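**Student:** Just one file: target-v8.cif, with mmCIF, C-alpha atoms and all ligand atoms.
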data_input
#
loop_
_atom_site.label_atom_id
_atom_site.label_comp_id
_atom_site.auth_asym_id
_atom_site.auth_seq_id
_atom_site.Cartn_x
_atom_site.Cartn_y
_atom_site.Cartn_z
CA MET G 1 2.08 10.44 24.64
CA LEU G 2 1.85 11.70 21.11
CA VAL G 3 -1.25 13.72 20.30
CA THR G 4 -0.50 14.97 16.80
CA ARG G 5 -3.52 14.67 14.52
CA PHE G 6 -3.04 14.81 10.80
CA PRO G 7 -5.64 16.14 8.38
CA VAL G 8 -7.07 13.56 5.99
CA PRO G 9 -6.74 14.83 2.43
CA ALA G 10 -10.09 15.24 0.68
CA ALA G 11 -10.71 12.71 -2.08
CA GLU G 12 -10.92 14.19 -5.57
CA PRO G 13 -14.09 13.37 -7.49
CA ARG G 14 -13.51 10.51 -9.92
CA ASP G 15 -13.52 11.10 -13.67
CA GLU G 16 -16.06 8.42 -14.61
CA ALA G 17 -15.00 8.06 -18.26
CA LEU G 18 -11.37 7.65 -17.27
CA TRP G 19 -12.34 5.15 -14.57
CA GLN G 20 -14.18 2.99 -17.11
CA ARG G 21 -11.16 3.14 -19.42
CA ALA G 22 -8.88 2.21 -16.49
CA LEU G 23 -11.10 -0.74 -15.53
CA ALA G 24 -11.16 -2.08 -19.10
CA LEU G 25 -7.37 -1.78 -19.38
CA HIS G 26 -6.87 -3.33 -15.96
CA ARG G 27 -9.10 -6.34 -16.74
CA SER G 28 -7.25 -7.00 -20.01
CA ALA G 29 -3.79 -6.65 -18.43
CA ILE G 30 -1.77 -9.21 -16.52
CA VAL G 31 -1.52 -7.81 -13.01
CA VAL G 32 1.26 -9.29 -10.88
CA ASP G 33 1.72 -8.68 -7.15
CA GLY G 34 5.31 -9.52 -6.24
CA HIS G 35 4.75 -10.05 -2.53
CA ASN G 36 1.74 -10.99 -0.38
CA ASP G 37 1.91 -12.21 3.22
CA ILE G 38 -1.54 -13.77 3.71
CA THR G 39 0.39 -17.05 4.05
CA GLY G 40 0.90 -16.30 7.75
CA ALA G 41 -2.84 -16.59 8.43
CA MET G 42 -3.13 -19.59 6.07
CA THR G 43 -0.38 -21.44 7.93
CA ASP G 44 -1.06 -20.50 11.54
CA ASP G 45 -4.83 -19.91 11.63
CA GLY G 46 -5.95 -22.27 8.87
CA TYR G 47 -7.39 -19.25 7.09
CA ASN G 48 -9.45 -20.23 4.03
CA LEU G 49 -8.92 -17.67 1.26
CA ALA G 50 -12.53 -18.00 0.11
CA THR G 51 -13.75 -16.49 3.39
CA PRO G 52 -14.36 -12.74 3.01
CA SER G 53 -12.04 -11.11 5.53
CA ALA G 54 -12.25 -7.35 4.97
CA GLY G 55 -11.32 -5.55 8.18
CA LYS G 56 -9.13 -8.46 9.27
CA HIS G 57 -6.92 -9.30 6.31
CA HIS G 58 -6.02 -7.45 3.11
CA THR G 59 -6.46 -10.54 0.98
CA ASP G 60 -9.25 -12.98 0.11
CA LEU G 61 -10.42 -14.56 -3.13
CA PRO G 62 -13.43 -12.25 -3.72
CA ARG G 63 -11.24 -9.17 -3.32
CA LEU G 64 -8.44 -10.63 -5.47
CA ARG G 65 -11.08 -11.04 -8.21
CA GLU G 66 -12.39 -7.54 -7.67
CA GLY G 67 -8.85 -6.16 -7.82
CA GLY G 68 -8.15 -7.90 -11.11
CA VAL G 69 -5.07 -9.62 -9.70
CA SER G 70 -3.81 -12.12 -12.30
CA ALA G 71 -0.85 -13.47 -10.36
CA LEU G 72 0.46 -13.18 -6.85
CA PHE G 73 3.49 -14.39 -5.03
CA PHE G 74 2.58 -16.04 -1.76
CA ALA G 75 5.43 -15.13 0.57
CA ILE G 76 7.07 -18.20 2.08
CA TYR G 77 8.16 -15.99 4.93
CA VAL G 78 10.42 -17.33 7.66
CA ASP G 79 10.53 -15.12 10.73
CA HIS G 80 13.81 -14.65 12.57
CA LYS G 81 12.45 -16.55 15.59
CA PHE G 82 12.50 -19.76 13.50
CA VAL G 83 16.12 -19.04 12.61
CA THR G 84 17.09 -18.72 16.28
CA ASN G 85 15.11 -21.94 17.04
CA ASN G 86 16.94 -23.78 14.24
CA THR G 87 13.60 -24.57 12.59
CA ALA G 88 13.85 -22.25 9.57
CA THR G 89 13.57 -24.96 6.90
CA ARG G 90 10.75 -26.70 8.77
CA ARG G 91 8.86 -23.40 8.92
CA ALA G 92 9.39 -22.75 5.22
CA LEU G 93 8.07 -26.25 4.44
CA ALA G 94 4.97 -25.60 6.61
CA VAL G 95 4.22 -22.39 4.70
CA ILE G 96 4.86 -24.07 1.34
CA ASP G 97 2.52 -26.89 2.39
CA ALA G 98 -0.21 -24.47 3.51
CA THR G 99 0.07 -22.67 0.17
CA HIS G 100 -0.16 -25.90 -1.86
CA ARG G 101 -3.17 -27.00 0.20
CA GLU G 102 -4.91 -23.67 -0.30
CA ILE G 103 -4.34 -23.88 -4.07
CA GLU G 104 -5.71 -27.46 -4.08
CA ARG G 105 -8.75 -26.33 -2.07
CA HIS G 106 -9.73 -23.73 -4.69
CA PRO G 107 -9.07 -25.34 -8.09
CA ASN G 108 -11.52 -23.04 -9.87
CA ASP G 109 -9.88 -19.89 -8.57
CA LEU G 110 -6.20 -20.65 -8.10
CA VAL G 111 -3.61 -22.54 -10.10
CA LEU G 112 -0.03 -23.19 -9.05
CA CYS G 113 2.30 -21.49 -11.50
CA THR G 114 6.04 -21.92 -11.82
CA THR G 115 6.70 -20.23 -15.18
CA ALA G 116 5.98 -16.97 -16.96
CA ALA G 117 4.01 -18.88 -19.58
CA GLY G 118 1.99 -20.48 -16.79
CA ILE G 119 0.87 -17.03 -15.62
CA ARG G 120 -0.42 -16.19 -19.10
CA ALA G 121 -2.17 -19.56 -19.30
CA ALA G 122 -3.80 -19.00 -15.90
CA LYS G 123 -5.17 -15.66 -17.09
CA GLN G 124 -6.57 -17.40 -20.20
CA SER G 125 -8.26 -20.02 -18.02
CA GLY G 126 -9.83 -17.40 -15.76
CA ARG G 127 -7.88 -18.43 -12.69
CA ILE G 128 -5.45 -16.54 -10.50
CA ALA G 129 -1.83 -17.66 -10.88
CA ALA G 130 -0.46 -18.64 -7.47
CA LEU G 131 3.31 -18.44 -7.14
CA MET G 132 5.70 -18.83 -4.25
CA GLY G 133 8.67 -16.74 -3.23
CA ALA G 134 10.71 -17.58 -0.14
CA GLU G 135 11.48 -14.59 2.06
CA ASN G 136 14.65 -14.97 4.13
CA GLY G 137 17.72 -16.79 2.83
CA ALA G 138 18.09 -18.36 6.28
CA ALA G 139 15.26 -20.71 5.20
CA ILE G 140 17.75 -22.87 3.29
CA GLU G 141 19.88 -23.40 6.42
CA ASP G 142 23.11 -23.11 4.43
CA SER G 143 22.18 -26.00 2.16
CA LEU G 144 22.10 -25.74 -1.62
CA ALA G 145 20.30 -29.10 -1.56
CA THR G 146 17.48 -27.42 0.37
CA LEU G 147 17.49 -24.52 -2.10
CA ARG G 148 17.05 -27.03 -4.94
CA ALA G 149 14.30 -28.85 -3.03
CA PHE G 150 12.44 -25.55 -2.59
CA HIS G 151 12.74 -24.99 -6.32
CA ARG G 152 11.29 -28.45 -7.01
CA LEU G 153 8.38 -27.63 -4.68
CA GLY G 154 7.63 -24.62 -6.86
CA VAL G 155 9.40 -21.75 -5.11
CA ARG G 156 10.50 -19.30 -7.79
CA TYR G 157 12.32 -16.60 -5.90
CA LEU G 158 14.39 -16.34 -2.75
CA THR G 159 14.68 -13.03 -0.90
CA LEU G 160 18.27 -13.34 0.26
CA THR G 161 17.63 -11.86 3.72
CA HIS G 162 14.82 -10.55 5.86
CA MET G 163 15.46 -7.86 8.52
CA GLN G 164 18.53 -9.65 9.93
CA ALA G 165 21.69 -10.73 8.16
CA THR G 166 21.85 -14.43 7.30
CA THR G 167 25.02 -16.46 7.77
CA TRP G 168 25.92 -15.46 4.21
CA ALA G 169 24.27 -12.12 3.29
CA ASP G 170 23.85 -8.72 4.91
CA ALA G 171 20.45 -7.09 5.40
CA SER G 172 19.54 -3.42 5.01
CA THR G 173 18.15 -3.18 8.56
CA ALA G 174 20.89 -4.84 10.66
CA PRO G 175 24.62 -4.34 11.21
CA PRO G 176 26.79 -5.87 8.45
CA ARG G 177 28.43 -9.25 9.11
CA HIS G 178 29.93 -10.09 5.73
CA GLN G 179 30.34 -6.77 3.87
CA GLY G 180 27.70 -7.94 1.40
CA LEU G 181 27.65 -11.56 0.22
CA SER G 182 29.99 -14.19 1.65
CA ASP G 183 31.57 -16.81 -0.64
CA PHE G 184 28.73 -19.19 0.19
CA GLY G 185 26.26 -16.39 -0.55
CA LYS G 186 27.85 -16.11 -4.00
CA SER G 187 27.36 -19.83 -4.56
CA VAL G 188 23.68 -19.45 -3.59
CA VAL G 189 23.24 -16.77 -6.26
CA ARG G 190 25.06 -18.89 -8.86
CA GLU G 191 22.92 -21.90 -8.02
CA MET G 192 19.75 -19.79 -8.29
CA ASN G 193 20.88 -18.60 -11.73
CA ARG G 194 21.48 -22.20 -12.76
CA LEU G 195 18.10 -23.35 -11.46
CA GLY G 196 16.16 -20.46 -12.97
CA MET G 197 15.12 -19.14 -9.59
CA MET G 198 14.82 -15.36 -9.33
CA VAL G 199 17.20 -13.59 -6.98
CA ASP G 200 15.18 -11.15 -4.86
CA VAL G 201 17.13 -8.22 -3.42
CA SER G 202 14.35 -6.68 -1.32
CA HIS G 203 15.54 -6.38 2.30
CA VAL G 204 19.24 -6.84 1.49
CA ALA G 205 21.96 -4.30 2.26
CA ASP G 206 23.13 -2.04 -0.55
CA LYS G 207 26.47 -3.85 -0.62
CA THR G 208 24.73 -7.25 -0.89
CA MET G 209 22.70 -5.89 -3.80
CA SER G 210 25.84 -4.59 -5.44
CA ASP G 211 27.57 -7.98 -4.99
CA VAL G 212 24.57 -9.76 -6.53
CA LEU G 213 24.62 -7.39 -9.51
CA ASP G 214 28.36 -8.04 -10.00
CA LEU G 215 27.75 -11.76 -10.08
CA THR G 216 24.35 -12.68 -11.52
CA ILE G 217 24.01 -13.84 -15.11
CA ALA G 218 20.23 -13.34 -15.04
CA PRO G 219 18.03 -10.33 -14.33
CA ILE G 220 17.09 -9.86 -10.69
CA ILE G 221 13.96 -8.64 -8.93
CA ALA G 222 13.19 -6.52 -5.90
CA SER G 223 9.85 -8.13 -5.02
CA HIS G 224 8.70 -5.34 -2.67
CA SER G 225 10.98 -2.26 -2.56
CA SER G 226 10.57 1.44 -3.29
CA ALA G 227 12.80 4.46 -4.00
CA ARG G 228 15.16 5.84 -1.36
CA ALA G 229 15.44 9.22 -3.08
CA LEU G 230 11.81 9.86 -2.06
CA ALA G 231 11.96 8.33 1.42
CA PRO G 232 15.23 7.70 3.25
CA HIS G 233 14.36 4.26 4.69
CA PRO G 234 17.10 1.61 4.27
CA ARG G 235 14.47 -0.79 2.81
CA ASN G 236 14.21 1.49 -0.23
CA ILE G 237 16.66 1.34 -3.15
CA PRO G 238 19.05 4.24 -3.88
CA ASP G 239 19.27 5.70 -7.37
CA ASP G 240 22.70 4.24 -8.23
CA LEU G 241 21.40 0.73 -7.59
CA LEU G 242 18.14 1.44 -9.45
CA LYS G 243 20.32 2.29 -12.45
CA ARG G 244 22.32 -0.89 -12.06
CA ILE G 245 19.13 -2.98 -11.86
CA ALA G 246 18.09 -1.35 -15.14
CA THR G 247 21.42 -2.31 -16.74
CA ASN G 248 20.94 -5.82 -15.39
CA GLY G 249 17.50 -5.98 -17.04
CA GLY G 250 15.71 -6.54 -13.73
CA VAL G 251 12.55 -5.13 -12.15
CA VAL G 252 11.82 -3.15 -8.99
CA MET G 253 8.33 -3.97 -7.68
CA VAL G 254 7.23 -0.97 -5.67
CA ASN G 255 6.20 -1.59 -2.04
CA PHE G 256 3.00 0.10 -0.75
CA TYR G 257 3.94 0.24 2.95
CA PRO G 258 3.58 3.84 4.23
CA GLY G 259 6.28 3.19 6.84
CA TYR G 260 8.79 2.84 3.99
CA ILE G 261 7.46 5.16 1.30
CA ASP G 262 6.21 8.15 3.29
CA PRO G 263 8.96 9.89 5.31
CA ARG G 264 6.34 11.54 7.58
CA ILE G 265 5.28 8.10 8.83
CA SER G 266 8.75 6.88 9.75
CA VAL G 267 9.08 9.74 12.23
CA VAL G 268 5.81 8.94 14.01
CA LEU G 269 6.44 5.19 13.97
CA GLU G 270 9.73 5.78 15.71
CA GLN G 271 7.94 7.71 18.46
CA LEU G 272 5.34 4.95 18.85
CA GLN G 273 7.91 2.15 18.83
CA PRO G 274 8.00 1.50 22.61
CA GLU G 275 4.21 1.06 22.71
CA LEU G 276 4.26 -1.11 19.58
CA ASP G 277 6.99 -3.31 21.04
CA ALA G 278 5.00 -3.69 24.26
CA LEU G 279 1.94 -4.88 22.31
CA ARG G 280 3.99 -7.33 20.31
CA ALA G 281 5.47 -8.77 23.51
CA GLN G 282 2.02 -8.94 25.14
CA TRP G 283 0.42 -10.85 22.23
CA ARG G 284 3.46 -12.82 21.15
CA ASP G 285 1.48 -16.04 20.72
CA GLN G 286 -1.42 -14.31 18.98
CA PRO G 287 -0.05 -12.42 15.99
CA ALA G 288 -3.57 -11.55 14.75
CA ARG G 289 -4.47 -9.99 18.10
CA SER G 290 -1.18 -8.12 18.13
CA ARG G 291 -1.82 -6.74 14.64
CA ALA G 292 -5.33 -5.62 15.55
CA GLU G 293 -4.10 -3.84 18.68
CA ARG G 294 -1.29 -2.21 16.73
CA ARG G 295 -3.76 -0.93 14.17
CA LYS G 296 -5.94 0.51 16.94
CA LEU G 297 -2.93 2.16 18.56
CA MET G 298 -1.86 3.83 15.34
CA GLU G 299 -5.32 4.93 14.23
CA GLY G 300 -5.61 8.69 13.96
CA ARG G 301 -2.04 9.21 15.07
CA LEU G 302 -0.43 8.70 11.69
CA PRO G 303 -0.79 10.89 8.63
CA VAL G 304 -2.80 9.19 5.87
CA THR G 305 -0.52 8.31 2.98
CA PRO G 306 -2.33 9.02 -0.27
CA LEU G 307 -2.18 6.60 -3.20
CA ALA G 308 -0.32 9.40 -5.02
CA VAL G 309 2.78 8.63 -2.92
CA VAL G 310 2.90 5.07 -4.29
CA ILE G 311 2.56 6.47 -7.81
CA ASP G 312 5.37 8.94 -7.07
CA HIS G 313 7.65 6.01 -6.23
CA ILE G 314 6.64 4.22 -9.43
CA GLU G 315 7.39 7.36 -11.42
CA HIS G 316 10.73 7.85 -9.69
CA VAL G 317 11.83 4.33 -10.64
CA ILE G 318 10.71 5.09 -14.20
CA LYS G 319 12.69 8.35 -14.20
CA VAL G 320 15.89 6.72 -12.94
CA ALA G 321 15.72 3.13 -14.25
CA GLY G 322 13.29 3.44 -17.15
CA ILE G 323 9.78 2.24 -17.90
CA ASN G 324 10.92 -1.37 -18.43
CA HIS G 325 12.12 -1.87 -14.87
CA VAL G 326 9.20 -1.18 -12.56
CA GLY G 327 6.40 -3.33 -11.15
CA LEU G 328 4.19 -3.79 -8.07
CA GLY G 329 4.91 -5.63 -4.80
CA SER G 330 2.18 -4.72 -2.33
CA ASP G 331 3.40 -6.37 0.90
CA PHE G 332 -0.32 -6.73 1.78
CA ASP G 333 -0.97 -8.68 4.98
CA GLY G 334 2.64 -8.13 5.96
CA ILE G 335 1.97 -4.50 6.85
CA SER G 336 -0.14 -2.90 9.57
CA ILE G 337 -0.96 0.35 7.78
CA VAL G 338 -1.83 0.97 4.13
CA PRO G 339 -2.23 3.97 1.83
CA ALA G 340 -5.64 5.56 1.24
CA ASP G 341 -7.34 4.08 -1.84
CA LEU G 342 -4.94 1.15 -1.67
CA ARG G 343 -6.29 -0.50 1.44
CA ASP G 344 -6.42 -4.10 0.17
CA VAL G 345 -6.06 -6.29 -2.91
CA SER G 346 -9.39 -5.12 -4.34
CA MET G 347 -7.96 -1.66 -4.97
CA PHE G 348 -5.29 -2.40 -7.60
CA PRO G 349 -7.47 -0.75 -10.32
CA ASN G 350 -6.94 2.59 -8.54
CA ILE G 351 -3.27 2.36 -9.54
CA THR G 352 -4.23 1.92 -13.18
CA TYR G 353 -6.61 4.89 -12.96
CA GLU G 354 -4.00 7.14 -11.35
CA LEU G 355 -1.30 6.17 -13.88
CA LEU G 356 -3.64 6.95 -16.80
CA LYS G 357 -4.62 10.21 -15.11
CA ARG G 358 -0.96 11.19 -14.97
CA GLY G 359 -0.67 10.60 -18.70
CA HIS G 360 1.05 7.22 -18.91
CA SER G 361 0.21 5.29 -22.09
CA GLU G 362 -1.83 2.10 -21.91
CA ALA G 363 1.19 0.11 -23.10
CA ASP G 364 3.34 1.57 -20.32
CA VAL G 365 0.67 0.89 -17.70
CA LYS G 366 0.59 -2.77 -18.78
CA LYS G 367 4.36 -2.94 -18.35
CA ILE G 368 4.07 -1.62 -14.81
CA LEU G 369 1.16 -3.91 -13.90
CA GLY G 370 2.90 -7.11 -14.94
CA GLU G 371 4.59 -7.24 -18.34
CA ASN G 372 7.98 -6.07 -17.01
CA PHE G 373 7.93 -8.79 -14.39
CA LEU G 374 6.90 -11.43 -16.97
CA ARG G 375 9.83 -10.41 -19.19
CA VAL G 376 12.27 -10.83 -16.27
CA PHE G 377 10.78 -14.18 -15.22
CA ALA G 378 10.98 -15.56 -18.79
CA GLU G 379 14.56 -14.33 -19.13
CA VAL G 380 15.58 -15.98 -15.83
CA GLU G 381 14.12 -19.25 -17.17
CA ARG G 382 15.94 -18.83 -20.49
CA ARG G 383 19.30 -18.20 -18.82
CA ALA G 384 18.84 -21.26 -16.63
CA THR G 385 18.28 -23.66 -19.47
CA ALA G 386 21.19 -22.12 -21.36
CA LYS G 387 23.62 -23.01 -18.57
CA PRO G 388 25.11 -26.49 -18.20
CA ASP G 389 24.13 -28.54 -15.15
CA GLN G 390 26.99 -28.14 -12.71
CA ILE G 391 25.69 -28.70 -9.22
CA SER G 392 27.92 -26.99 -6.70
CA GLY G 393 28.92 -28.34 -3.31
CA GLY G 394 28.93 -31.89 -1.94
CA PRO G 395 25.95 -34.16 -1.32
CA GLU G 396 24.49 -31.60 1.10
CA GLY G 397 25.36 -28.84 -1.29
CA ARG G 398 27.43 -27.15 1.39
CA THR G 399 30.39 -25.14 0.30
CA ARG G 400 30.93 -23.07 3.40
ZN ZN O 501 9.36 -8.20 3.43
#
Could you render the structure from this file as structure tokens?
**Tutor:**
Amino acid sequence: MLVTRFPVPAAEPRDEALWQRALALHRSAIVVDGHNDITGAMTDDGYNLATPSAGKHHTDLPRLREGGVSALFFAIYVDHKFVTNNTATRRALAVIDATHREIERHPNDLVLCTTAAGIRAAKQSGRIAALMGAENGAAIEDSLATLRAFHRLGVRYLTLTHMQATTWADASTAPPRHQGLSDFGKSVVREMNRLGMMVDVSHVADKTMSDVLDLTIAPIIASHSSARALAPHPRNIPDDLLKRIATNGGVVMVNFYPGYIDPRISVVLEQLQPELDALRAQWRDQPARSRAERRKLMEGRLPVTPLAVVIDHIEHVIKVAGINHVGLGSDFDGISIVPADLRDVSMFPNITYELLKRGHSEADVKKILGENFLRVFAEVERRATAKPDQISGGPEGRTR
């Protein structure tokens, strides 16, 4: 049993004038979160986003307002268990449906957005832009027709893998099956380029990312990934690929998860893994219960990751890829532990404050908060319309 206790760093007193400046800048900026997993609770527990849920979830409408979030990507996440059950597409459709219904339920707060211009219009209208990104390429069940149907339903990015390899792309956290992208995987990327759907390389293996960069005619995104030079987790992106994403014109949206960004945490998590696995098995049918128990188990046994670590990752991406290629992808409600001062969606203004404190210009802070992402999204749309309509594959869109 691990008994290590880590000291909690003392909070620095806030510079009130700087905080007011940060708040004003934050409210005027377009703030985009590249990846949020509250969709699990919406789909499985009928969670209504208007219900304040602090202590249970990271996300609800009051806290999204407080956090000045202008746009967020609801993760259309398909767990590996649905892949092994052969119900991956059905699951994706259930999550897409739950997201549409939640947007319809809150017409004064949320508006479905499928374009970069739509995000700006939502901000103008005082509503939060709700977008969808599908997480796990297995969701299309090897069908380009299904990929196109997802696009028509409003899905604007596809994360090519989750933790496991798909039948056509390797993941960063599982043994390679294809040495990157298979031929069908390449046709998925081409079809996404043609449709104007963003290719998301979070979770994929380095070789998959490299294959995508060789192939894509549009900028790519990493919707929730950080810098491997600062923390050696395979989910983070190494410097050579950060540079290539810069050349590609894409954006790396930094993930807040301490388990990825803080190397001290990975060590402890590894030690706790048997207990965590036991809890997950025990509460398999009650994910919320499992999460709560996991949180309790980890409490006090993990070092507290300060917000500064997230800012360090942002600054590393800036150093290696440049100021035009960094954004934010929280992973809120997909993660069981969070950094101090970045505990839920209400705390995004703390990022703005910390960036200003470190001397970043207001224009640069706006780029990080959302303008870089908006540039990529608009460019992906532009490239799509510039390409002739050449649907690949047969009636099912299968080319494998
Ligand atoms: Zn993820």
**Student:** Calculate how many Å separate CA of Met42 (chain G) from CA of Ala98 (chain G), rounding to one decimal.
**Tutor:**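 Computing it gives 6.2 Å between the two atoms.
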**Student:** Report the closest atom pair, with its distance in Å rounded to one decimal, for each residue of chain G that has an atom no farther than 8 Å from ligand ZN 501 (chain O); count only C-alpha atoms and all ligand atoms, sort by chain and then rising residue number, and write it as a tab-separated table.
**Tutor:**
residue	atom	partner	partner_atom	distance
G:His35	CA	O:ZN501	ZN	7.8
G:Glu135	CA	O:ZN501	ZN	6.9
G:His162	CA	O:ZN501	ZN	6.4
G:Met163	CA	O:ZN501	ZN	8.0
G:Ser202	CA	O:ZN501	ZN	7.1
G:His203	CA	O:ZN501	ZN	6.5
G:His224	CA	O:ZN501	ZN	6.8
G:Asp331	CA	O:ZN501	ZN	6.7
G:Gly334	CA	O:ZN501	ZN	7.2
**Student:** Give me, as an NGL selection string, all polymer residues having an atom no more than 10 Å from Thr305 (chain G), counting all atoms listed in the file and skipping those fewer than 3 positions away in the same chain.
**Tutor:** :G and (8-9 or 256-259 or 261-265 or 302 or 308-310 or 337-342)
**Student:** Which residues come within 8 Å of Leu160 (chain G), counting all atoms listed in the file, excluding same-chain residues fewer than 4 positions away, as a list in words?
**Tutor:**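 Residues meeting the cut-off are Glu135, Asn136, Gly137, Ala138, Thr166, Ala169, Val199, Asp200, Val201, Ser202, His203 and Val204 of chain G.
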**Student:** Write the residues of the preceding selection, restricted to C-alpha atoms, as an mmCIF file, keeping the file's coordinate frame.
**Tutor:**
data_model
loop_
_atom_site.group_PDB
_atom_site.id
_atom_site.type_symbol
_atom_site.label_atom_id
_atom_site.label_comp_id
_atom_site.auth_asym_id
_atom_site.auth_seq_id
_atom_site.Cartn_x
_atom_site.Cartn_y
_atom_site.Cartn_z
ATOM 1 C CA GLU G 135 11.480 -14.590 2.060
ATOM 2 C CA ASN G 136 14.650 -14.970 4.130
ATOM 3 C CA GLY G 137 17.720 -16.790 2.830
ATOM 4 C CA ALA G 138 18.090 -18.360 6.280
ATOM 5 C CA THR G 166 21.850 -14.430 7.300
ATOM 6 C CA ALA G 169 24.270 -12.120 3.290
ATOM 7 C CA VAL G 199 17.200 -13.590 -6.980
ATOM 8 C CA ASP G 200 15.180 -11.150 -4.860
ATOM 9 C CA VAL G 201 17.130 -8.220 -3.420
ATOM 10 C CA SER G 202 14.350 -6.680 -1.320
ATOM 11 C CA HIS G 203 15.540 -6.380 2.300
ATOM 12 C CA VAL G 204 19.240 -6.840 1.490
#
**Student:** With a distance cut-off of 12 Å and all atoms listed in the file, select the neighbouring residues of Ser125 (chain G), excluding the residue or stretch itself and same-chain residues fewer than 4 positions from it, and output the selection as a ChimeraX atom specification.
**Tutor:** /G:70,107-111,118-121,129
**Student:** Give the answer as one residue: which of G:Asn236, G:Asn86, G:Thr59, G:Thr385 has the shortest atom-to-atom distance to Asn36 (chain G), using all atoms listed in the file?
**Tutor:**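 The answer is G:Thr59, which sits nearest to Asn36 (chain G).
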**Student:** Give me, as JSON lines, each residue of region 290-354 of chain G that comes within 10 Å of region 226-233 of chain G, together with its shortest interatomic pair and the distance in Å at one decimal, counting all atoms listed in the file, with rows ordered by chain and rising residue number.
**Tutor:**
{"residue": "G:Val309", "atom": "CA", "partner": "G:Leu230", "partner_atom": "CA", "distance": 9.2}
{"residue": "G:Val310", "atom": "CA", "partner": "G:Ser226", "partner_atom": "CA", "distance": 8.5}
{"residue": "G:Asp312", "atom": "CA", "partner": "G:Leu230", "partner_atom": "CA", "distance": 8.2}
{"residue": "G:His313", "atom": "CA", "partner": "G:Ala227", "partner_atom": "CA", "distance": 5.8}
{"residue": "G:Ile314", "atom": "CA", "partner": "G:Ser226", "partner_atom": "CA", "distance": 7.8}
{"residue": "G:Glu315", "atom": "CA", "partner": "G:Ala227", "partner_atom": "CA", "distance": 9.6}
{"residue": "G:His316", "atom": "CA", "partner": "G:Ala227", "partner_atom": "CA", "distance": 6.9}
{"residue": "G:Val317", "atom": "CA", "partner": "G:Ala227", "partner_atom": "CA", "distance": 6.7}
{"residue": "G:Val320", "atom": "CA", "partner": "G:Ala227", "partner_atom": "CA", "distance": 9.7}
{"residue": "G:Val326", "atom": "CA", "partner": "G:Ser226", "partner_atom": "CA", "distance": 9.7}
{"residue": "G:Leu328", "atom": "CA", "partner": "G:Ser226", "partner_atom": "CA", "distance": 9.5}
{"residue": "G:Gly329", "atom": "CA", "partner": "G:Ser226", "partner_atom": "CA", "distance": 9.2}
**Student:** If you keep C-alpha atoms, can you produce a file of those selected residues as a PDB file, in the coordinates of the input?
**Tutor:**
ATOM      1  CA  VAL G 309       2.780   8.630  -2.920  1.00  0.00           C
ATOM      2  CA  VAL G 310       2.900   5.070  -4.290  1.00  0.00           C
ATOM      3  CA  ASP G 312       5.370   8.940  -7.070  1.00  0.00           C
ATOM      4  CA  HIS G 313       7.650   6.010  -6.230  1.00  0.00           C
ATOM      5  CA  ILE G 314       6.640   4.220  -9.430  1.00  0.00           C
ATOM      6  CA  GLU G 315       7.390   7.360 -11.420  1.00  0.00           C
ATOM      7  CA  HIS G 316      10.730   7.850  -9.690  1.00  0.00           C
ATOM      8  CA  VAL G 317      11.830   4.330 -10.640  1.00  0.00           C
ATOM      9  CA  VAL G 320      15.890   6.720 -12.940  1.00  0.00           C
ATOM     10  CA  VAL G 326       9.200  -1.180 -12.560  1.00  0.00           C
ATOM     11  CA  LEU G 328       4.190  -3.790  -8.070  1.00  0.00           C
ATOM     12  CA  GLY G 329       4.910  -5.630  -4.800  1.00  0.00           C
TER      13      GLY G 329
END
**Student:** Which residue, G:Gly34, G:Pro219, G:Gly196, G:Gly359, has the smallest gap to Val69 (chain G) when you use only C-alpha atoms?
**Tutor:**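 So, comparing all the options, the nearest one is G:Gly34.
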**Student:** Name all residues at most 7 Å from Ala378 (chain G) (count all atoms listed in the file; drop same-chain ones fewer than 4 positions away) and give them as number ranges by chain.
**Tutor:** G: 116, 374, 382
**Student:** Can those selected residues be exported to a file as a tab-separated table (two decimals), in the coordinates of the input so that it contains C-alpha atoms?
**Tutor:**
chain	number	residue	atom	x	y	z
G	116	ALA	CA	5.98	-16.97	-16.96
G	374	LEU	CA	6.90	-11.43	-16.97
G	382	ARG	CA	15.94	-18.83	-20.49
